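Enquirer: This is the structure, below, for whatever I ask next.
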Amino acid sequence: MSEQQQIRREKLEKLKEMGRNPFEVLKYDVTHHTDDIKDNFDEMDGKDVAIAGRIMSYRDMGKASFCDIQDRNGRLQVYIKMDEIGEEEYEIFKTYDIGDIVGIKGFVFRTRRGEISVHVKELKLLCKALQPLPEKWHGLKDPDLRYRQRYVDLIVNPDVRETFIKRTKIIAGIRRFLDDRGYLEVETPILSTIASGAAARPFQTHSNALDIDLYLRIATELYLKRLIVGGFEKVYDMGKNFRNEGIDIRHNPEFTMIELYEAYTDYHGMMELMENMIATVCKEVNGTTKVMYQGVEIDFAPPWNRITMMDAVKQYAGIDFKEVNTDEEAREIAVRLKLQDELKKKLKDCTKADILNAAFEAYAEKHLIQPTFLMDYPVEISPLTKRKNDDPTMTERFEAFVFGREVGNAYSELNDPIDQRERFDQQAKEKELGDDEAYEMDEDFMNSLEIGMPPTGGLGIGIDRVIMFLTDSYSIRDVILFPTMKPIDNK
RNA sequence: GACUCACUAGCUCAGUAGGUAGAGCACAUGACUUUUAAUCAUGGUGUCCGGAGUUCGACCCUCCGGUGAGUCACCA
């Protein structure tokens with residue numbers, strides 16, 4: 001234990017001996033927060049208040065001291081004078097440390113230097129901090145410590161607190177937007193015997209009661225569609241999904257996703273919904289639809305750009321896939337565009353769809369900086385999506401891109417049970433060929449489609465990524481309070 | 001998974017041809033009754049991420065391991 005920790009423990013012991021154990025305090029009646037006082041000083045001047053918060057710094061002037069007290073909304077200076085609280089109380093106060101939590105009763109005033117302050121008449125220690133806080137000027141910088149001890153990060157780095165308050169507002173804004181439009185928020189299972197609805201490896205667990213393996217959900221899609229079958233018409237589930245894959249600045253194993261489904265509309269309806277929703281929420285939390293993200297201005301005002309995947313590849317890679325008729329021709333183009341490293345399969349196994357997708361990712365994706373709906377994906381990589389009536393090799397699907405990153409994915413939902421079964425069968429073949437992320441067949445979902453699902457539009461949005469843009473956060477870890485970390489293997 | 005970088009006091013960081021370490025804040029003691037990164041004086045902080053090796057001697061060089069960050073790969 002460090003010297004500083006020992007000294008704090010000794011101070012606590014002395015307080016206990018005096019019958020002033022701060023941990024016996026049950027409650028404290030707070031009348032004001034620091035911003036109430038600072039924002040309304042003219043009314044508050046001279047009034048009595050009771051505030052509570054953490055001591056963040058102090059300036060000891062001998063028989064008088066100044067402290068900065070931090071509560072949920074900010075900091076306020078308090079002035080403590082020996083003449084006011086008495087010599088004995090003042091001596092006890094001098095044992096208080098940065099990090100301790102105190103309750104203060106006093107009156108509001110302005111110091112000679114103009115700082116709005118509280119003149120303390122009564123002071124009570126509500127919690128003794130046994131560990132010192134990081135340095136007052138530089139704060140806590142070490143990313144490892146910041147993520148592992150987010151509580152310290154939140155105390156000493158005000159912008160972190162701002163980001164997470166904004167996160168809460170964004171999520172509340174999304175709910176309000178959808179609720180106002182007649183959407184029903186529902187909860188679908190997190191534990192399930194089949195993890196389907198997306199291409200990802202699941203986390204596995206085990207039920208002792210049922211003695212079966214269960215998976216944590218990778219998507220909510222197949223359950224929400226069952227609810228459309230059940231007649232709810234507009235539903236959404238916003239919550240955690242879990243994918244057992246790589247961790248980087250855009251991926252955390254558990255992340256927040258919203259999926260929403262609306263009967264009797266299609267992917268065009270989903271485009272309008274998404275662009276209006278993000279613009280509305282952005283304006284609510286930032287006052288404008290424009291944000292600066294990592295130095296680049298992004299404007300979420302609708303309408304967003306709309307371009308098909310084929311047109312994007314034509315524009316940025318110079319290849320018109322409408323004129324590519326065979327897989328063989330596509331493979332020649334793959335060689336010409338130097339796509340071999342981008343392809344997941346061996347070139348000879350690649351279809352036109354694989355190569356179109358790879359060409360998009362290699363040449364076009366990085367150009368989609370302003371919000372853009374990339375429309376119409378090959379059927380092979382879209383197993384839950386309706387085909388386009390004028391081209392059955394393509395589907396009515398879009399992904400939304402911002403800053404070259406995917407933030408949303410939407411379909412005109414496939415409701416033809418016969419086609420859907422063929423798509424799952426195709427996925428099963430892919431799985432046999434070694435693609436362990438192929439979509440799992442879900443027989444009960446198939447049954448629901450046979451009961452009958454109306455034409456439906458569906459949309460999924462990576463909430464954490466949206467929050468990154470609206471808060472100018474570089475890493476997904478900066479918008480997740482407790483990102484997934486390896487434990488420290490000490491001793 | 002591969003590569004690069006980082007890890008030194010509670011925090012932010014210096015550091016050395018290889019000779020067991022420093023600063024600021026914080027802490028302790030004292031002075032100061034309107035200061036605000038308060039000031040002034042004095043003082044002590046330590047498994048230099050862990051382990052092994054090379055060496056008379058390792059914070060520093062080599063190897064193995066840990067954790068984190070970044071890039072790539074993977075990934076809607």
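Here, A, B, ... name the chains of the structure tokens in the order displayed, residue numbers run from 1 inside each chain, and ligands are numbered from 1 in the same displayed order.
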I'd like the contact shell of region 92-95 of chain A - 8 Å cut-off, only C-alpha atoms (C1' of nucleotides), skipping same-chain residues fewer than 3 positions apart - returned as a PyMOL selection string.

Expert: chain A and resi 11+88-89

Enquirer: How would the residues just chosen look if you wrote them out with N, CA and C atoms as a PDB file, in the first residue's frame?

Expert:
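The result, stored in selection-v9.pdb:
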ATOM      1  N   LYS A  11      -6.291   8.700   8.712  1.00  0.00           N
ATOM      2  CA  LYS A  11      -7.239   9.807   8.905  1.00  0.00           C
ATOM      3  C   LYS A  11      -8.642   9.271   9.164  1.00  0.00           C
ATOM      4  N   GLU A  88     -12.257  23.879  16.036  1.00  0.00           N
ATOM      5  CA  GLU A  88     -12.199  22.418  16.052  1.00  0.00           C
ATOM      6  C   GLU A  88     -12.659  21.847  14.715  1.00  0.00           C
ATOM      7  N   GLU A  89     -13.786  22.350  14.211  1.00  0.00           N
ATOM      8  CA  GLU A  89     -14.289  21.879  12.918  1.00  0.00           C
ATOM      9  C   GLU A  89     -13.276  22.155  11.812  1.00  0.00           C
TER      10      GLU A  89
END

Enquirer: From the DSSP assignment of the backbone, select every residue of region 179-420 of chain A that is helix (DSSP H, G or I), and format the answer as a ChimeraX atom specification.

Expert: /A:179-180,221-229,267-286,309-317,321-323,327-336,347-349,352-367,379-381,417-420

Enquirer: I need the chain B residues near chain A as a PyMOL selection string; criterion: at most 10 Å, counting only C-alpha atoms (C1' of nucleotides).

Expert: chain B and resi 1+9-12+24-28+31-39+44-45+50+66-70+73-76

Enquirer: Show which residues sit within 10 Å of Glu443 (chain A), as a ChimeraX atom specification. Count only C-alpha atoms (C1' of nucleotides), and ignore same-chain residues fewer than 6 positions away.

Expert: /A:194,421,449

Enquirer: Which neighbours of region 225-239 of chain A fall inside 9 Å, counting only C-alpha atoms (C1' of nucleotides), when residues of the same chain fewer than 4 positions from it are skipped, and could you give them as a VMD selection string?

Expert: chain A and resid 171 175 178 181 to 188 220 to 221 255 to 264 413 445 448 to 449 451 to 454 456 458 463

Enquirer: Write out as a count of residues only each polymer residue whose atoms come within 9 Å of Arg75 (chain A), counting only C-alpha atoms (C1' of nucleotides); drop sequence neighbours fewer than 4 positions from it.

Expert: 8

Enquirer: Name the closest residue to C61 (chain B) among the candidates B:U29, B:G18, B:C13, B:U8; distances are taken between atoms, counting only C-alpha atoms (C1' of nucleotides).

Expert: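 Under the stated criterion, the closest residue is B:G18.
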
Enquirer: Once DSSP has gone over the backbone, tell me which residues of region 213-368 of chain A are in strand (DSSP E or B), as a PyMOL selection string.

Expert: chain A and resi 213-216+234-242+248+251+254-263+290-293+296-299+305-308

Enquirer: Would you export the selected residues with N, CA and C atoms as a compact mmCIF listing (two decimals), in the first residue's frame, please?

Expert:
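Contents of result-v3.txt, freshly written:
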# COMPACT_ATOMS: atom_id res chain seq x y z
N ASP A 213 -26.85 -26.45 -25.06
CA ASP A 213 -26.03 -25.29 -25.36
C ASP A 213 -26.92 -24.18 -25.88
N LEU A 214 -26.60 -22.96 -25.49
CA LEU A 214 -27.33 -21.80 -26.00
C LEU A 214 -26.31 -20.81 -26.56
N TYR A 215 -26.81 -19.93 -27.40
CA TYR A 215 -25.96 -18.92 -28.00
C TYR A 215 -26.49 -17.54 -27.64
N LEU A 216 -25.57 -16.59 -27.49
CA LEU A 216 -26.00 -15.20 -27.32
C LEU A 216 -26.33 -14.64 -28.70
N LYS A 234 -45.31 -2.47 -36.63
CA LYS A 234 -44.10 -1.64 -36.45
C LYS A 234 -43.45 -2.03 -35.13
N VAL A 235 -42.30 -2.64 -35.18
CA VAL A 235 -41.63 -3.06 -33.96
C VAL A 235 -40.14 -2.72 -34.01
N TYR A 236 -39.56 -2.55 -32.83
CA TYR A 236 -38.11 -2.47 -32.77
C TYR A 236 -37.60 -3.06 -31.47
N ASP A 237 -36.33 -3.47 -31.53
CA ASP A 237 -35.62 -3.95 -30.35
C ASP A 237 -34.27 -3.23 -30.37
N MET A 238 -34.01 -2.47 -29.32
CA MET A 238 -32.70 -1.80 -29.22
C MET A 238 -31.99 -2.40 -28.01
N GLY A 239 -30.86 -3.00 -28.26
CA GLY A 239 -30.15 -3.62 -27.15
C GLY A 239 -28.84 -4.23 -27.61
N LYS A 240 -28.24 -4.98 -26.70
CA LYS A 240 -26.92 -5.55 -26.97
C LYS A 240 -27.00 -6.75 -27.90
N ASN A 241 -26.08 -6.79 -28.84
CA ASN A 241 -25.80 -7.99 -29.62
C ASN A 241 -24.38 -8.42 -29.27
N PHE A 242 -24.08 -9.67 -29.57
CA PHE A 242 -22.79 -10.23 -29.15
C PHE A 242 -22.17 -10.98 -30.32
N ASP A 248 -11.52 -3.88 -32.41
CA ASP A 248 -10.70 -2.76 -32.89
C ASP A 248 -11.47 -1.47 -32.66
N HIS A 251 -15.14 -2.11 -33.45
CA HIS A 251 -15.81 -3.34 -33.01
C HIS A 251 -15.56 -3.63 -31.54
N GLU A 254 -19.52 -6.92 -27.44
CA GLU A 254 -20.93 -6.63 -27.19
C GLU A 254 -21.16 -5.19 -27.61
N PHE A 255 -22.21 -4.97 -28.37
CA PHE A 255 -22.45 -3.64 -28.91
C PHE A 255 -23.95 -3.44 -29.03
N THR A 256 -24.34 -2.20 -29.14
CA THR A 256 -25.76 -1.88 -29.13
C THR A 256 -26.27 -1.71 -30.54
N MET A 257 -27.34 -2.41 -30.82
CA MET A 257 -27.90 -2.38 -32.17
C MET A 257 -29.40 -2.15 -32.05
N ILE A 258 -29.92 -1.39 -32.98
CA ILE A 258 -31.38 -1.33 -33.09
C ILE A 258 -31.75 -2.03 -34.38
N GLU A 259 -32.77 -2.86 -34.28
CA GLU A 259 -33.38 -3.38 -35.50
C GLU A 259 -34.84 -2.99 -35.44
N LEU A 260 -35.34 -2.52 -36.57
CA LEU A 260 -36.76 -2.15 -36.61
C LEU A 260 -37.37 -2.67 -37.89
N TYR A 261 -38.66 -3.01 -37.80
CA TYR A 261 -39.39 -3.60 -38.93
C TYR A 261 -40.73 -2.91 -39.05
N GLU A 262 -41.10 -2.63 -40.31
CA GLU A 262 -42.36 -1.94 -40.55
C GLU A 262 -43.08 -2.63 -41.71
N ALA A 263 -44.27 -3.08 -41.42
CA ALA A 263 -45.06 -3.78 -42.45
C ALA A 263 -45.53 -2.80 -43.52
N LYS A 290 -25.22 19.14 -38.70
CA LYS A 290 -23.82 19.01 -39.11
C LYS A 290 -22.95 18.63 -37.92
N VAL A 291 -21.99 17.77 -38.16
CA VAL A 291 -21.01 17.45 -37.12
C VAL A 291 -19.62 17.53 -37.74
N MET A 292 -18.63 17.79 -36.88
CA MET A 292 -17.23 17.63 -37.30
C MET A 292 -16.80 16.28 -36.79
N TYR A 293 -16.43 15.38 -37.69
CA TYR A 293 -15.93 14.10 -37.23
C TYR A 293 -14.47 13.97 -37.64
N VAL A 296 -13.49 16.34 -40.23
CA VAL A 296 -14.24 16.37 -41.49
C VAL A 296 -15.70 16.73 -41.18
N GLU A 297 -16.24 17.69 -41.91
CA GLU A 297 -17.63 18.05 -41.68
C GLU A 297 -18.57 17.06 -42.36
N ILE A 298 -19.52 16.57 -41.59
CA ILE A 298 -20.51 15.63 -42.11
C ILE A 298 -21.89 16.22 -41.84
N ASP A 299 -22.73 16.19 -42.86
CA ASP A 299 -24.07 16.77 -42.72
C ASP A 299 -25.11 15.67 -42.87
N ASN A 305 -27.31 10.86 -49.85
CA ASN A 305 -26.99 10.35 -51.20
C ASN A 305 -27.53 8.94 -51.37
N ARG A 306 -27.94 8.64 -52.58
CA ARG A 306 -28.38 7.28 -52.92
C ARG A 306 -27.65 6.85 -54.17
N ILE A 307 -26.98 5.71 -54.08
CA ILE A 307 -26.26 5.20 -55.25
C ILE A 307 -26.28 3.68 -55.19
N THR A 308 -26.39 3.04 -56.35
CA THR A 308 -26.37 1.58 -56.32
C THR A 308 -24.92 1.11 -56.23

Enquirer: If I take CA of Gly106 (chain A) and CA of Asn40 (chain A), how far is one from the other in Å, to one decimal?

Expert: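 Those two atoms sit 16.3 Å apart.
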
Enquirer: Please report the interatomic distance between CA of Met394 (chain A) and CA of Val379 (chain A) in Å with one decimal.

Expert: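 Going from CA of Met394 (chain A) over to CA of Val379 (chain A), I get 5.0 Å.
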
Enquirer: Need to verify the contact set: A58 (chain B), 12 Å, only C-alpha atoms (C1' of nucleotides), exclusion of same-chain residues closer than 6 positions in sequence. Can you return it as a VMD selection string?

Expert: chain B and resid 16 18 to 20 48

Enquirer: Can I get the selected residues back with all heavy atoms, as a compact mmCIF listing (two decimals), in the first residue's frame?

Expert:
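Result file follows (selection-v3.txt):
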# COMPACT_ATOMS: atom_id res chain seq x y z
P U B 16 19.23 9.91 -21.69
OP1 U B 16 19.33 11.14 -22.50
OP2 U B 16 18.39 8.79 -22.17
O5' U B 16 20.69 9.38 -21.44
C5' U B 16 21.56 9.99 -20.48
C4' U B 16 22.21 8.91 -19.66
O4' U B 16 21.28 8.43 -18.67
C3' U B 16 22.62 7.68 -20.48
O3' U B 16 23.94 7.80 -20.94
C2' U B 16 22.46 6.53 -19.48
O2' U B 16 23.64 6.33 -18.73
C1' U B 16 21.34 7.02 -18.58
N1 U B 16 20.01 6.49 -18.95
C2 U B 16 19.26 5.84 -17.99
O2 U B 16 19.65 5.69 -16.87
N3 U B 16 18.03 5.39 -18.41
C4 U B 16 17.47 5.52 -19.66
O4 U B 16 16.36 5.07 -19.87
C5 U B 16 18.31 6.19 -20.61
C6 U B 16 19.53 6.64 -20.24
P G B 18 23.96 2.87 -23.27
OP1 G B 18 24.86 1.97 -24.00
OP2 G B 18 22.50 2.65 -23.34
O5' G B 18 24.30 2.78 -21.73
C5' G B 18 24.19 1.46 -21.25
C4' G B 18 24.09 1.34 -19.80
O4' G B 18 24.12 -0.08 -19.62
C3' G B 18 25.29 1.90 -19.04
O3' G B 18 24.93 2.01 -17.66
C2' G B 18 26.27 0.77 -19.22
O2' G B 18 27.29 0.73 -18.20
C1' G B 18 25.33 -0.46 -19.01
N9 G B 18 25.83 -1.65 -19.65
C8 G B 18 26.46 -1.80 -20.85
N7 G B 18 26.80 -3.03 -21.09
C5 G B 18 26.39 -3.73 -19.98
C6 G B 18 26.51 -5.10 -19.66
O6 G B 18 27.02 -5.99 -20.32
N1 G B 18 25.95 -5.38 -18.43
C2 G B 18 25.35 -4.45 -17.61
N2 G B 18 24.87 -4.89 -16.46
N3 G B 18 25.23 -3.16 -17.89
C4 G B 18 25.78 -2.88 -19.08
P G B 19 25.07 3.39 -16.88
OP1 G B 19 23.72 3.94 -16.83
OP2 G B 19 26.19 4.18 -17.41
O5' G B 19 25.47 2.88 -15.42
C5' G B 19 24.49 2.24 -14.59
C4' G B 19 25.02 2.07 -13.18
O4' G B 19 26.24 1.30 -13.22
C3' G B 19 25.41 3.37 -12.47
O3' G B 19 25.29 3.14 -11.06
C2' G B 19 26.88 3.54 -12.84
O2' G B 19 27.61 4.28 -11.91
C1' G B 19 27.36 2.09 -12.82
N9 G B 19 28.43 1.78 -13.77
C8 G B 19 28.85 2.49 -14.84
N7 G B 19 29.81 1.88 -15.52
C5 G B 19 30.00 0.67 -14.84
C6 G B 19 30.88 -0.41 -15.09
O6 G B 19 31.68 -0.55 -16.02
N1 G B 19 30.75 -1.42 -14.15
C2 G B 19 29.88 -1.38 -13.11
N2 G B 19 29.89 -2.44 -12.31
N3 G B 19 29.04 -0.39 -12.86
C4 G B 19 29.16 0.61 -13.76
P U B 20 23.96 3.53 -10.23
OP1 U B 20 23.34 4.73 -10.84
OP2 U B 20 24.49 3.57 -8.85
O5' U B 20 22.98 2.27 -10.30
C5' U B 20 21.79 2.33 -11.07
C4' U B 20 20.57 2.20 -10.17
O4' U B 20 20.26 0.80 -9.94
C3' U B 20 20.73 2.85 -8.78
O3' U B 20 19.52 3.50 -8.46
C2' U B 20 20.88 1.66 -7.84
O2' U B 20 20.44 1.88 -6.51
C1' U B 20 20.00 0.63 -8.56
N1 U B 20 20.29 -0.77 -8.17
C2 U B 20 21.30 -1.45 -8.83
O2 U B 20 21.95 -0.99 -9.72
N3 U B 20 21.49 -2.73 -8.39
C4 U B 20 20.80 -3.39 -7.39
O4 U B 20 21.10 -4.54 -7.12
C5 U B 20 19.79 -2.60 -6.76
C6 U B 20 19.59 -1.34 -7.16
P C B 48 11.74 -2.24 -9.75
OP1 C B 48 12.40 -3.24 -10.62
OP2 C B 48 12.48 -1.50 -8.73
O5' C B 48 11.01 -1.19 -10.67
C5' C B 48 10.37 -1.64 -11.88
C4' C B 48 10.18 -0.47 -12.78
O4' C B 48 11.04 0.62 -12.37
C3' C B 48 10.55 -0.79 -14.23
O3' C B 48 9.56 -0.22 -15.06
C2' C B 48 11.88 -0.11 -14.44
O2' C B 48 12.07 0.36 -15.74
C1' C B 48 11.76 1.10 -13.49
N1 C B 48 13.07 1.58 -13.03
C2 C B 48 13.63 2.68 -13.67
O2 C B 48 13.01 3.24 -14.58
N3 C B 48 14.83 3.14 -13.26
C4 C B 48 15.47 2.53 -12.26
N4 C B 48 16.64 3.01 -11.90
C5 C B 48 14.91 1.38 -11.61
C6 C B 48 13.73 0.95 -12.02
